[in-house]
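Trainee: What follows is the file final_9.txt, containing compact mmCIF, C-alpha atoms and all ligand atoms:
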# COMPACT_ATOMS: atom_id res chain seq x y z
CA MET S 1 -14.23 -21.64 4.25
CA ALA S 2 -10.75 -20.15 4.58
CA ILE S 3 -9.98 -17.16 2.38
CA ILE S 4 -7.27 -17.48 -0.25
CA LYS S 5 -4.28 -15.23 0.38
CA ALA S 6 -2.11 -13.34 -2.11
CA PRO S 7 1.06 -15.22 -3.12
CA ARG S 8 4.12 -14.70 -0.91
CA GLY S 9 6.18 -11.67 -1.89
CA THR S 10 3.32 -9.84 -3.62
CA ASN S 11 1.49 -6.72 -2.46
CA ASP S 12 -2.04 -5.36 -2.78
CA VAL S 13 -2.63 -1.66 -3.26
CA LEU S 14 -5.58 -0.71 -1.07
CA PRO S 15 -8.15 1.99 -1.95
CA SER S 16 -6.72 4.21 0.78
CA ASP S 17 -3.27 4.09 -0.84
CA SER S 18 -3.85 4.11 -4.58
CA TYR S 19 -3.54 7.89 -4.79
CA LYS S 20 0.04 7.54 -3.56
CA TRP S 21 0.85 5.40 -6.58
CA ARG S 22 -0.79 7.93 -8.89
CA TYR S 23 1.31 10.64 -7.25
CA VAL S 24 4.60 8.80 -7.79
CA GLU S 25 3.63 7.99 -11.37
CA SER S 26 2.66 11.58 -12.11
CA VAL S 27 6.01 12.82 -10.76
CA ALA S 28 7.72 10.27 -13.03
CA ASP S 29 5.68 11.55 -16.00
CA LYS S 30 6.64 15.15 -15.27
CA THR S 31 10.31 14.33 -14.71
CA ALA S 32 10.49 12.30 -17.94
CA ALA S 33 8.73 15.03 -19.90
CA SER S 34 11.22 17.63 -18.67
CA ALA S 35 13.95 15.88 -20.68
CA GLY S 36 11.90 14.53 -23.60
CA TYR S 37 11.54 10.89 -22.51
CA LYS S 38 8.41 9.26 -24.00
CA GLU S 39 6.44 6.50 -22.31
CA ILE S 40 6.35 2.97 -23.74
CA ARG S 41 4.27 -0.05 -22.69
CA PHE S 42 5.14 -3.63 -23.50
CA PRO S 43 3.96 -7.14 -22.64
CA THR S 44 4.19 -8.58 -19.15
CA PHE S 45 5.73 -11.73 -20.61
CA GLU S 46 8.24 -12.21 -23.38
CA GLU S 47 10.03 -15.12 -24.99
CA THR S 48 12.48 -16.44 -22.40
CA GLU S 49 15.40 -16.01 -24.78
CA LEU S 50 15.00 -12.22 -24.66
CA PHE S 51 16.09 -12.27 -21.03
CA THR S 52 18.70 -15.02 -21.23
CA ARG S 53 20.35 -12.95 -23.97
CA GLY S 54 19.38 -9.47 -22.78
CA VAL S 55 20.01 -9.81 -19.06
CA GLY S 56 22.71 -12.45 -19.38
CA ASP S 57 22.66 -16.10 -18.42
CA THR S 58 25.28 -15.79 -15.68
CA THR S 59 23.22 -13.24 -13.73
CA ASP S 60 21.26 -13.96 -10.54
CA ILE S 61 18.11 -12.86 -12.35
CA VAL S 62 18.42 -15.47 -15.08
CA GLN S 63 20.00 -18.21 -12.98
CA LYS S 64 17.70 -18.02 -9.97
CA GLU S 65 14.91 -15.50 -10.17
CA MET S 66 12.87 -15.82 -13.36
CA TYR S 67 9.24 -16.92 -13.53
CA THR S 68 9.52 -19.08 -16.61
CA PHE S 69 6.73 -21.27 -17.93
CA GLU S 70 5.80 -23.19 -21.02
CA ASP S 71 2.66 -21.84 -22.70
CA LYS S 72 0.02 -24.12 -24.19
CA GLY S 73 1.83 -23.98 -27.52
CA GLY S 74 5.01 -25.37 -25.95
CA ARG S 75 6.94 -22.05 -26.10
CA SER S 76 9.09 -20.95 -23.19
CA MET S 77 7.81 -17.65 -21.82
CA THR S 78 9.02 -15.54 -18.89
CA LEU S 79 7.31 -12.89 -16.79
CA ARG S 80 9.50 -9.79 -17.25
CA PRO S 81 12.13 -9.54 -14.47
CA GLU S 82 13.15 -6.04 -15.65
CA GLY S 83 12.38 -3.58 -18.43
CA THR S 84 15.58 -2.86 -20.36
CA ALA S 85 15.55 -5.98 -22.55
CA SER S 86 11.89 -5.40 -23.51
CA ALA S 87 12.52 -1.71 -24.24
CA VAL S 88 15.33 -2.67 -26.62
CA ARG S 89 13.18 -5.40 -28.19
CA LEU S 90 10.32 -2.93 -28.69
CA SER S 91 12.67 -0.37 -30.27
CA LEU S 92 14.23 -2.89 -32.66
CA GLU S 93 10.96 -4.52 -33.65
CA ASN S 94 9.32 -1.16 -34.38
CA GLY S 95 12.29 0.39 -36.15
CA LEU S 96 12.59 3.19 -33.59
CA LEU S 97 16.39 3.14 -33.75
CA GLY S 98 16.20 4.03 -37.44
CA GLY S 99 14.42 7.27 -36.53
CA ALA S 100 15.63 10.40 -34.79
CA LEU S 101 18.37 9.77 -32.24
CA PRO S 102 18.85 9.89 -29.35
CA LEU S 103 15.81 7.81 -28.55
CA LYS S 104 14.54 8.55 -25.04
CA LEU S 105 12.06 6.15 -23.46
CA TYR S 106 10.54 5.50 -20.06
CA TYR S 107 8.21 2.96 -18.54
CA LYS S 108 6.25 2.18 -15.38
CA ILE S 109 5.98 -1.58 -15.00
CA ASN S 110 5.47 -4.42 -12.59
CA VAL S 111 8.26 -6.99 -12.68
CA PHE S 112 8.63 -10.52 -11.32
CA ARG S 113 11.60 -12.12 -9.62
CA TYR S 114 11.76 -15.21 -7.45
CA ASP S 115 13.65 -13.23 -4.79
CA LYS S 116 13.67 -14.04 -1.05
CA PRO S 117 10.78 -11.96 0.31
CA GLN S 118 11.70 -9.49 3.07
CA ALA S 119 11.45 -5.74 3.68
CA GLY S 120 12.06 -4.00 0.34
CA ARG S 121 12.38 -7.30 -1.52
CA TYR S 122 9.32 -8.76 -3.22
CA ARG S 123 8.48 -11.28 -5.92
CA GLU S 124 6.29 -8.87 -7.80
CA PHE S 125 7.37 -5.24 -7.56
CA ASN S 126 7.25 -2.06 -9.59
CA GLN S 127 9.92 -0.29 -11.52
CA ILE S 128 10.03 3.09 -13.16
CA GLY S 129 12.79 3.10 -15.73
CA MET S 130 14.28 5.47 -18.27
CA GLU S 131 16.44 4.47 -21.23
CA LEU S 132 18.51 6.50 -23.70
CA TYR S 133 19.74 5.00 -26.98
CA GLY S 134 22.19 6.23 -29.57
CA ALA S 135 24.34 8.61 -27.50
CA LYS S 136 27.90 7.75 -26.57
CA SER S 137 28.67 11.17 -25.10
CA PRO S 138 29.54 11.30 -21.39
CA PHE S 139 26.85 13.99 -21.16
CA ALA S 140 24.31 11.26 -21.93
CA ASP S 141 25.48 9.33 -18.85
CA ALA S 142 25.41 12.50 -16.78
CA GLU S 143 21.99 13.57 -18.06
CA LEU S 144 20.47 10.19 -17.26
CA ILE S 145 22.03 9.98 -13.81
CA SER S 146 20.97 13.55 -13.04
CA LEU S 147 17.47 12.76 -14.26
CA ALA S 148 17.26 9.82 -11.84
CA LYS S 149 18.37 12.21 -9.09
CA LEU S 150 15.83 14.82 -10.22
CA PHE S 151 13.09 12.19 -10.00
CA LEU S 152 14.07 11.47 -6.37
CA ASN S 153 14.27 15.21 -5.63
CA ASN S 154 10.89 15.84 -7.23
CA LEU S 155 9.48 13.23 -4.84
CA GLY S 156 11.01 15.11 -1.93
CA ILE S 157 13.39 12.23 -1.16
CA GLU S 158 16.54 12.93 0.81
CA GLY S 159 19.13 10.70 2.40
CA VAL S 160 20.17 8.75 -0.69
CA LEU S 161 23.76 8.28 -1.72
CA LEU S 162 24.77 8.13 -5.40
CA LYS S 163 27.54 5.60 -6.02
CA ILE S 164 29.23 5.40 -9.40
CA ASN S 165 31.89 3.32 -11.08
CA SER S 166 33.17 2.44 -14.51
CA ILE S 167 33.39 -1.23 -15.46
CA GLY S 168 35.12 -0.54 -18.78
CA CYS S 169 34.49 -1.99 -22.22
CA SER S 170 35.10 -5.47 -23.63
CA LYS S 171 38.68 -4.46 -24.46
CA CYS S 172 39.82 -3.41 -21.00
CA ARG S 173 37.67 -6.00 -19.31
CA ALA S 174 39.50 -9.02 -20.75
CA ASP S 175 42.63 -8.35 -18.65
CA TYR S 176 40.53 -7.54 -15.63
CA GLN S 177 38.50 -10.74 -15.88
CA GLU S 178 41.79 -12.64 -16.02
CA ALA S 179 43.08 -10.88 -12.88
CA LEU S 180 39.81 -11.64 -11.09
CA ARG S 181 39.90 -15.26 -12.19
CA SER S 182 43.32 -15.81 -10.70
CA TYR S 183 42.42 -13.94 -7.49
CA PHE S 184 39.24 -15.95 -6.92
CA THR S 185 40.82 -19.24 -8.02
CA ALA S 186 43.21 -18.85 -5.10
CA HIS S 187 40.14 -18.62 -2.82
CA ILE S 188 37.90 -21.08 -4.63
CA ASP S 189 36.97 -23.04 -1.49
CA GLU S 190 35.51 -19.93 0.10
CA LEU S 191 33.19 -19.13 -2.82
CA CYS S 192 29.48 -19.99 -2.79
CA ASP S 193 28.42 -22.71 -5.24
CA THR S 194 26.88 -20.31 -7.76
CA CYS S 195 30.06 -18.25 -7.84
CA LYS S 196 32.25 -21.33 -8.26
CA SER S 197 30.38 -21.91 -11.51
CA ARG S 198 30.76 -18.24 -12.52
CA LEU S 199 34.51 -18.27 -12.05
CA GLN S 200 35.28 -19.45 -15.58
CA ARG S 201 32.53 -17.73 -17.58
CA ASN S 202 32.08 -14.39 -15.83
CA PRO S 203 34.15 -13.80 -12.69
CA MET S 204 32.87 -10.18 -12.47
CA ARG S 205 29.49 -11.56 -11.41
CA ILE S 206 31.11 -12.73 -8.17
CA LEU S 207 31.57 -9.08 -7.16
CA ASP S 208 27.77 -8.64 -7.21
CA CYS S 209 27.02 -11.78 -5.16
CA LYS S 210 24.94 -11.30 -2.00
CA SER S 211 26.49 -14.18 0.00
CA PRO S 212 28.36 -12.73 3.05
CA GLN S 213 31.63 -14.61 2.54
CA ASP S 214 31.74 -13.68 -1.15
CA ILE S 215 31.20 -10.02 -0.19
CA LEU S 216 34.20 -10.30 2.16
CA LEU S 217 36.38 -11.89 -0.53
CA ALA S 218 35.33 -9.27 -3.07
CA LYS S 219 36.66 -6.49 -0.83
CA ASN S 220 40.29 -7.37 -1.60
CA ALA S 221 39.75 -8.35 -5.23
CA PRO S 222 41.54 -6.43 -8.01
CA LYS S 223 39.80 -3.17 -8.94
CA ILE S 224 38.43 -2.56 -12.44
CA THR S 225 39.50 1.08 -12.29
CA ASP S 226 43.15 -0.09 -12.41
CA TYR S 227 42.46 -1.86 -15.72
CA LEU S 228 40.50 0.77 -17.70
CA CYS S 229 41.75 1.55 -21.21
CA ASP S 230 42.43 5.20 -22.08
CA GLU S 231 39.10 5.71 -23.79
CA CYS S 232 37.14 4.30 -20.84
CA LYS S 233 39.22 6.30 -18.37
CA GLU S 234 38.56 9.49 -20.30
CA HIS S 235 34.85 8.74 -20.55
CA TYR S 236 34.63 8.06 -16.84
CA SER S 237 36.37 11.28 -15.88
CA ALA S 238 34.19 13.30 -18.30
CA VAL S 239 31.06 11.79 -16.68
CA LYS S 240 32.35 12.77 -13.24
CA ASP S 241 33.15 16.31 -14.44
CA ALA S 242 29.69 16.68 -15.97
CA LEU S 243 28.02 15.46 -12.76
CA SER S 244 30.10 17.85 -10.65
CA SER S 245 29.34 20.76 -12.96
CA VAL S 246 25.62 20.45 -12.15
CA GLY S 247 26.17 19.73 -8.48
CA THR S 248 25.07 16.07 -8.61
CA GLU S 249 27.03 14.67 -5.68
CA PHE S 250 28.42 11.15 -5.95
CA GLU S 251 30.80 8.74 -4.32
CA GLU S 252 33.07 6.47 -6.32
CA ASP S 253 32.83 2.78 -5.50
CA SER S 254 35.30 0.64 -7.40
CA GLY S 255 33.49 -2.51 -6.22
CA LEU S 256 30.21 -1.60 -7.90
CA VAL S 257 29.51 -3.88 -10.89
CA ARG S 258 25.69 -4.27 -11.06
CA GLY S 259 23.61 -7.29 -11.95
CA LEU S 260 23.36 -7.29 -15.75
CA ASP S 261 25.95 -8.80 -18.07
CA TYR S 262 25.90 -6.16 -20.77
CA TYR S 263 26.83 -3.11 -18.77
CA THR S 264 29.82 -1.16 -20.08
CA LYS S 265 31.61 1.88 -18.72
CA THR S 266 29.38 3.80 -16.31
CA VAL S 267 27.37 1.99 -13.61
CA PHE S 268 25.58 3.63 -10.69
CA GLU S 269 23.29 3.05 -7.74
CA PHE S 270 21.30 5.31 -5.46
CA ILE S 271 21.48 3.83 -1.96
CA ASP S 272 19.04 4.49 0.87
CA LYS S 273 21.42 5.41 3.71
CA ASN S 274 19.10 3.90 6.33
CA THR S 275 18.61 0.46 4.86
CA SER S 276 21.62 0.27 2.50
CA LEU S 277 19.21 -0.94 -0.18
CA ALA S 278 19.44 0.42 -3.72
CA VAL S 279 16.39 2.50 -4.57
CA ALA S 280 17.49 3.06 -8.16
CA ALA S 281 20.27 1.68 -10.28
CA GLY S 282 21.51 1.55 -13.82
CA GLY S 283 24.35 1.94 -16.23
CA ARG S 284 25.59 2.11 -19.77
CA TYR S 285 25.10 -0.96 -21.96
CA ASP S 286 26.81 -0.32 -25.27
CA GLY S 287 26.76 -4.03 -26.16
CA LEU S 288 23.11 -4.85 -25.49
CA ILE S 289 21.37 -3.57 -28.63
CA GLU S 290 23.77 -5.52 -30.81
CA GLU S 291 23.37 -8.58 -28.60
CA LEU S 292 19.63 -8.43 -29.25
CA GLY S 293 20.04 -8.25 -33.02
CA GLY S 294 20.39 -4.51 -33.71
CA LYS S 295 23.26 -2.49 -35.14
CA PRO S 296 25.93 -1.56 -32.59
CA THR S 297 24.25 1.30 -30.71
CA PRO S 298 25.13 2.83 -27.36
CA GLY S 299 22.54 2.67 -24.62
CA ILE S 300 22.18 3.77 -21.02
CA GLY S 301 19.36 3.49 -18.52
CA PHE S 302 18.21 3.17 -14.95
CA ALA S 303 15.33 1.59 -13.09
CA CYS S 304 14.04 2.56 -9.77
CA GLY S 305 12.27 0.25 -7.31
CA VAL S 306 9.03 2.02 -6.51
CA GLU S 307 8.25 0.05 -3.31
CA ARG S 308 11.66 1.06 -1.95
CA LEU S 309 10.89 4.73 -2.62
CA PHE S 310 7.65 4.74 -0.65
CA PRO S 311 9.12 4.87 2.88
CA LEU S 312 11.33 7.80 1.79
CA ILE S 313 8.59 10.01 0.36
CA PRO S 314 7.71 12.69 2.92
CA ASN S 315 4.42 13.80 1.40
CA PHE S 316 2.13 12.19 -1.14
CA GLY S 317 -0.32 15.07 -1.26
CA THR S 318 -3.93 14.11 -0.54
CA ASP S 319 -6.50 11.86 -2.12
CA THR S 320 -9.51 13.45 -3.81
CA VAL S 321 -12.60 13.89 -1.62
CA PRO S 322 -16.25 14.35 -2.65
CA ASP S 323 -17.14 17.90 -3.67
CA ILE S 324 -20.56 17.26 -2.19
CA TYR S 325 -22.49 14.65 -0.25
CA ILE S 326 -26.22 14.91 -0.96
CA ALA S 327 -28.14 13.42 1.95
CA SER S 328 -31.84 12.62 1.61
CA ILE S 329 -34.87 11.98 3.78
CA GLY S 330 -37.45 9.62 2.31
CA PRO S 331 -37.81 7.93 -1.08
CA SER S 332 -38.71 11.01 -3.20
CA ALA S 333 -35.70 12.92 -1.89
CA ALA S 334 -33.47 9.87 -2.43
CA LYS S 335 -34.64 9.77 -6.05
CA ALA S 336 -34.00 13.52 -6.48
CA ALA S 337 -30.52 13.15 -4.93
CA PHE S 338 -29.80 10.28 -7.30
CA GLU S 339 -30.82 12.39 -10.31
CA ILE S 340 -28.93 15.53 -9.25
CA ALA S 341 -25.83 13.42 -8.58
CA LYS S 342 -25.96 11.96 -12.08
CA LYS S 343 -26.14 15.42 -13.68
CA LEU S 344 -23.41 16.92 -11.50
CA ARG S 345 -21.13 13.97 -12.26
CA GLU S 346 -21.59 14.62 -15.97
CA ASN S 347 -20.14 18.06 -15.25
CA GLY S 348 -17.11 16.53 -13.55
CA VAL S 349 -18.25 17.12 -9.96
CA PHE S 350 -17.41 14.38 -7.41
CA VAL S 351 -20.73 13.51 -5.74
CA GLU S 352 -21.79 10.93 -3.19
CA THR S 353 -25.33 10.09 -2.13
CA ASP S 354 -26.93 7.51 0.14
CA LEU S 355 -27.12 3.99 -1.28
CA MET S 356 -27.56 2.31 2.11
CA GLU S 357 -31.04 3.60 3.03
CA ARG S 358 -29.61 5.09 6.22
CA SER S 359 -30.96 7.76 8.56
CA VAL S 360 -29.88 11.37 7.93
CA LYS S 361 -27.70 11.19 11.01
CA ALA S 362 -25.90 8.09 9.72
CA GLN S 363 -25.61 9.66 6.26
CA MET S 364 -23.95 12.75 7.70
CA LYS S 365 -21.57 10.58 9.69
CA TYR S 366 -20.59 8.83 6.46
CA ALA S 367 -20.25 12.18 4.64
CA ASP S 368 -17.86 13.28 7.36
CA LYS S 369 -15.78 10.12 6.95
CA THR S 370 -15.44 10.69 3.21
CA GLY S 371 -14.14 14.22 3.87
CA ALA S 372 -16.83 15.75 1.61
CA LYS S 373 -16.29 19.49 1.11
CA TYR S 374 -20.00 20.37 1.04
CA THR S 375 -23.19 18.65 2.14
CA ALA S 376 -26.84 19.29 1.35
CA VAL S 377 -29.86 17.57 2.90
CA LEU S 378 -32.91 17.01 0.69
CA GLY S 379 -36.35 16.46 2.24
CA ASP S 380 -39.94 17.12 1.14
CA GLU S 381 -39.65 20.82 1.86
CA GLU S 382 -36.48 21.23 -0.23
CA LEU S 383 -38.08 19.37 -3.14
CA GLU S 384 -41.14 21.58 -3.00
CA LYS S 385 -39.17 24.86 -2.93
CA GLY S 386 -36.44 23.64 -5.25
CA GLU S 387 -33.89 24.97 -2.78
CA ALA S 388 -31.58 23.42 -0.23
CA GLU S 389 -29.01 24.51 2.27
CA LEU S 390 -25.47 23.98 1.05
CA ARG S 391 -23.12 23.55 3.99
CA ASN S 392 -19.39 24.12 3.79
CA MET S 393 -18.00 21.32 5.98
CA LYS S 394 -14.73 23.08 6.61
CA ASP S 395 -15.97 26.34 8.13
CA GLY S 396 -19.58 25.42 8.88
CA SER S 397 -20.95 28.30 6.81
CA ALA S 398 -24.13 27.69 4.82
CA CYS S 399 -26.25 29.30 2.13
CA ARG S 400 -29.35 28.43 0.13
CA VAL S 401 -28.93 27.18 -3.43
CA ASN S 402 -31.28 26.33 -6.29
CA ILE S 403 -31.13 22.53 -6.63
CA ARG S 404 -32.69 22.59 -10.11
CA ASN S 405 -29.98 24.85 -11.54
CA ILE S 406 -27.29 22.25 -12.14
CA GLY S 407 -25.07 24.73 -14.02
CA GLU S 408 -24.99 27.13 -11.09
CA LEU S 409 -24.52 24.31 -8.58
CA THR S 410 -21.61 22.98 -10.62
CA ALA S 411 -19.98 26.40 -10.72
CA ILE S 412 -20.35 26.81 -6.95
CA LEU S 413 -18.92 23.35 -6.23
CA LYS S 414 -16.02 23.94 -8.62
CA ASN S 415 -15.31 27.22 -6.88
CA GLU S 416 -16.00 29.18 -10.05
CA ILE S 417 -18.64 31.38 -8.43
CA HIS S 418 -18.84 32.26 -4.78
CA ILE S 419 -22.44 32.84 -3.75
CA CYS S 420 -21.88 31.28 -0.38
CA ASP S 421 -19.00 33.43 0.91
P1 LIG Z 1 19.35 -5.84 -5.40
O1 LIG Z 1 20.83 -5.74 -5.47
O2 LIG Z 1 18.72 -5.10 -4.25
O3 LIG Z 1 18.84 -7.25 -5.54
P2 LIG Z 1 19.15 -5.55 -8.22
O4 LIG Z 1 20.54 -5.24 -8.59
O5 LIG Z 1 18.67 -6.94 -8.40
O6 LIG Z 1 18.86 -5.07 -6.70
P3 LIG Z 1 18.07 -4.05 -10.43
O7 LIG Z 1 17.98 -5.21 -11.31
O8 LIG Z 1 19.08 -3.02 -10.70
O9 LIG Z 1 18.16 -4.53 -8.91
O10 LIG Z 1 16.62 -3.35 -10.34
C1 LIG Z 1 16.47 -1.94 -10.17
C2 LIG Z 1 15.84 -1.60 -8.85
O11 LIG Z 1 14.71 -2.41 -8.57
C3 LIG Z 1 16.73 -1.80 -7.64
O12 LIG Z 1 17.60 -0.74 -7.48
C4 LIG Z 1 15.71 -1.88 -6.52
O13 LIG Z 1 15.32 -0.57 -6.14
C5 LIG Z 1 14.55 -2.56 -7.16
N1 LIG Z 1 14.48 -3.98 -6.81
C6 LIG Z 1 15.28 -4.99 -7.22
N2 LIG Z 1 14.87 -6.18 -6.73
C7 LIG Z 1 13.78 -5.91 -5.97
C8 LIG Z 1 12.86 -6.72 -5.22
N3 LIG Z 1 12.99 -8.05 -5.15
N4 LIG Z 1 11.83 -6.10 -4.58
C9 LIG Z 1 11.67 -4.77 -4.65
N5 LIG Z 1 12.48 -3.96 -5.36
C10 LIG Z 1 13.52 -4.51 -6.02
MG MG Z 2 18.55 -8.60 -7.12
I need this file expressed as structure tokens, please.
Mentor:
Amino acid sequence: MAIIKAPRGTNDVLPSDSYKWRYVESVADKTAASAGYKEIRFPTFEETELFTRGVGDTTDIVQKEMYTFEDKGGRSMTLRPEGTASAVRLSLENGLLGGALPLKLYYKINVFRYDKPQAGRYREFNQIGMELYGAKSPFADAELISLAKLFLNNLGIEGVLLKINSIGCSKCRADYQEALRSYFTAHIDELCDTCKSRLQRNPMRILDCKSPQDILLAKNAPKITDYLCDECKEHYSAVKDALSSVGTEFEEDSGLVRGLDYYTKTVFEFIDKNTSLAVAAGGRYDGLIEELGGKPTPGIGFACGVERLFPLIPNFGTDTVPDIYIASIGPSAAKAAFEIAKKLRENGVFVETDLMERSVKAQMKYADKTGAKYTAVLGDEELEKGEAELRNMKDGSACRVNIRNIGELTAILKNEIHICD
């Protein structure tokens, strides 16, 4: 019978690679902790309305990419396409915004989008995101952007370009939307069908469209930076000053608008210079918390696409290897190895033994493959004397150890005592 394959656009993490994921996640944990961001976890699916309201119903995500289904109770549910809306929902539902502000949160999640699968674009992928609520200060924007950069630096990633822009507030955006509407109306025949429908409701979305002819048209469109009100202009220049003061290099891109409807003021993307794909992106969303039923509260956040980071990470460290492989000759020795392994494991030692009833030679070959640091071979003689030869697989040195003294063996294998050197 044919095997069933994973759905298109999804990825498996194989046993040989899972340590890489743990590495990236642990760097995220450390980076978040360095600025007081606390981890949250939330459901994989939410009521569909959370995303139509929270992401915006003129966005690509909501219009084309959501995995929406009716549950058995007839409710419309959606697999999360991003984390910001859920993070806000979680904060509102649990009263977190009534507590100490600013509220700093982060998450490591899988997300689902019916995207066109290709390199760096999947239907299930992983995001690490950080969100900051309650702070309107430009230093909040700069802290969050710098934290995203620090995360990339902590992973050893180079060759990414930070692009920033300000897309203003609802006040300055009204005039801008009008200017865009008249510009694109003059070119309506050249727009893709989705953008034709966006022209009336949200012409700014057109600037984020991926269709080649829309990208061309967008190049000569009016620029938001010419329409910013004084407050937004001031905020934008304070963010740039703050970034410069800590040496976070950036490039301004007046065409950058991002894919969510509730962004205000600062938006940014970190672009992989080789592929031109965004590895991380975010912005300020001062209207979102109110849109989702909270009091007007500023917010800012970013999410990074973990799969897109992987090719840029120079060194994931190494996976753990067995502290010891205990080989055995014959059934009594196999039983002794089994028992010693159990006791050592209780002490936190990583032990492997033979479960395949193989010859010593084959066992040692396997031990070598696992990268075990030490090996010991148990046979009748070793059982009788209660001693075995412990071999250091790196330098070939060996010494005799008491196999009944689990405490001593543990200490040797954990490098706490050095009888063998
Ligand atoms: P893009 O413009 O590449 O479609 P986006 O604007 O839809 O990205 P966001 O919603 O900002 O992306 O999501 C944050 C990050 O998630 C992106 O910067 C990117 O690194 C990653 N990402 C987005 N879509 C995908 C995908 N289909 N597969 C893998 N990673 C993705
Ligand atoms: Mg997208």
Trainee: Might you pull out every residue within 10 Å of segment 184-200 of chain S, with only C-alpha atoms counted and same-chain residues fewer than 4 positions away left off, and present them as a PyMOL selection string?
Mentor: chain S and resi 58-60+63-64+177-180+204-218+221-222
Trainee: Find the residue from S:Lys295, S:Arg258, S:Lys72, S:Arg404 that sits nearest to Ile340 of chain S; use only C-alpha atoms when measuring.
Mentor: S:Arg404
Trainee: Please identify every residue of chain S that has at least one atom no farther than 8 Å from an atom of ligand LIG 1 (chain Z), counting only C-alpha atoms and all ligand atoms, and for each give the shortest atom pair and the distance in Å to one decimal, arranged by chain then increasing number, as a tab-separated table.
Mentor:
residue	atom	partner	partner_atom	distance
S:Asp60	CA	Z:LIG1	O5	7.8
S:Ile61	CA	Z:LIG1	O5	7.1
S:Pro81	CA	Z:LIG1	O7	7.9
S:Glu82	CA	Z:LIG1	O7	6.5
S:Phe112	CA	Z:LIG1	N3	7.9
S:Arg113	CA	Z:LIG1	N3	6.2
S:Tyr114	CA	Z:LIG1	N3	7.6
S:Asp115	CA	Z:LIG1	N3	5.2
S:Lys116	CA	Z:LIG1	N3	7.3
S:Pro117	CA	Z:LIG1	N3	7.1
S:Gly120	CA	Z:LIG1	C9	5.1
S:Arg121	CA	Z:LIG1	N4	3.3
S:Tyr122	CA	Z:LIG1	N4	3.9
S:Arg123	CA	Z:LIG1	N3	5.6
S:Glu124	CA	Z:LIG1	N4	7.0
S:Phe125	CA	Z:LIG1	C9	5.2
S:Asn126	CA	Z:LIG1	N5	7.0
S:Gln127	CA	Z:LIG1	O11	6.0
S:Asp208	CA	Z:LIG1	O1	7.7
S:Lys210	CA	Z:LIG1	O1	7.7
S:Arg258	CA	Z:LIG1	O4	5.8
S:Gly259	CA	Z:LIG1	O4	5.0
S:Leu260	CA	Z:LIG1	O7	7.3
S:Glu269	CA	Z:LIG1	O12	6.8
S:Phe270	CA	Z:LIG1	O12	7.4
S:Leu277	CA	Z:LIG1	O2	5.8
S:Ala278	CA	Z:LIG1	O12	4.3
S:Val279	CA	Z:LIG1	O13	3.6
S:Ala280	CA	Z:LIG1	O12	3.9
S:Ala281	CA	Z:LIG1	O12	4.6
S:Gly282	CA	Z:LIG1	O8	6.0
S:Phe302	CA	Z:LIG1	C1	7.2
S:Ala303	CA	Z:LIG1	C1	4.7
S:Cys304	CA	Z:LIG1	C2	4.6
S:Gly305	CA	Z:LIG1	O13	3.4
S:Val306	CA	Z:LIG1	O13	6.8
S:Glu307	CA	Z:LIG1	C9	6.1
S:Arg308	CA	Z:LIG1	O13	5.8
S:Leu309	CA	Z:LIG1	O13	7.8
Trainee: Return the single residue from S:Ile329, S:Ile109, S:Leu288, S:Leu256 that is closest to Arg41 of chain S, with distances computed using all atoms listed in the file.
Mentor: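 Nearest to Arg41 of chain S: S:Ile109.
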Trainee: The residues within 12 Å of (-17.2, 10.1, 4.3), using all atoms listed in the file and the coordinates of the file, should be reported as a VMD selection string; which are they?
Mentor: chain S and resid 320 to 327 351 to 354 362 to 375 393
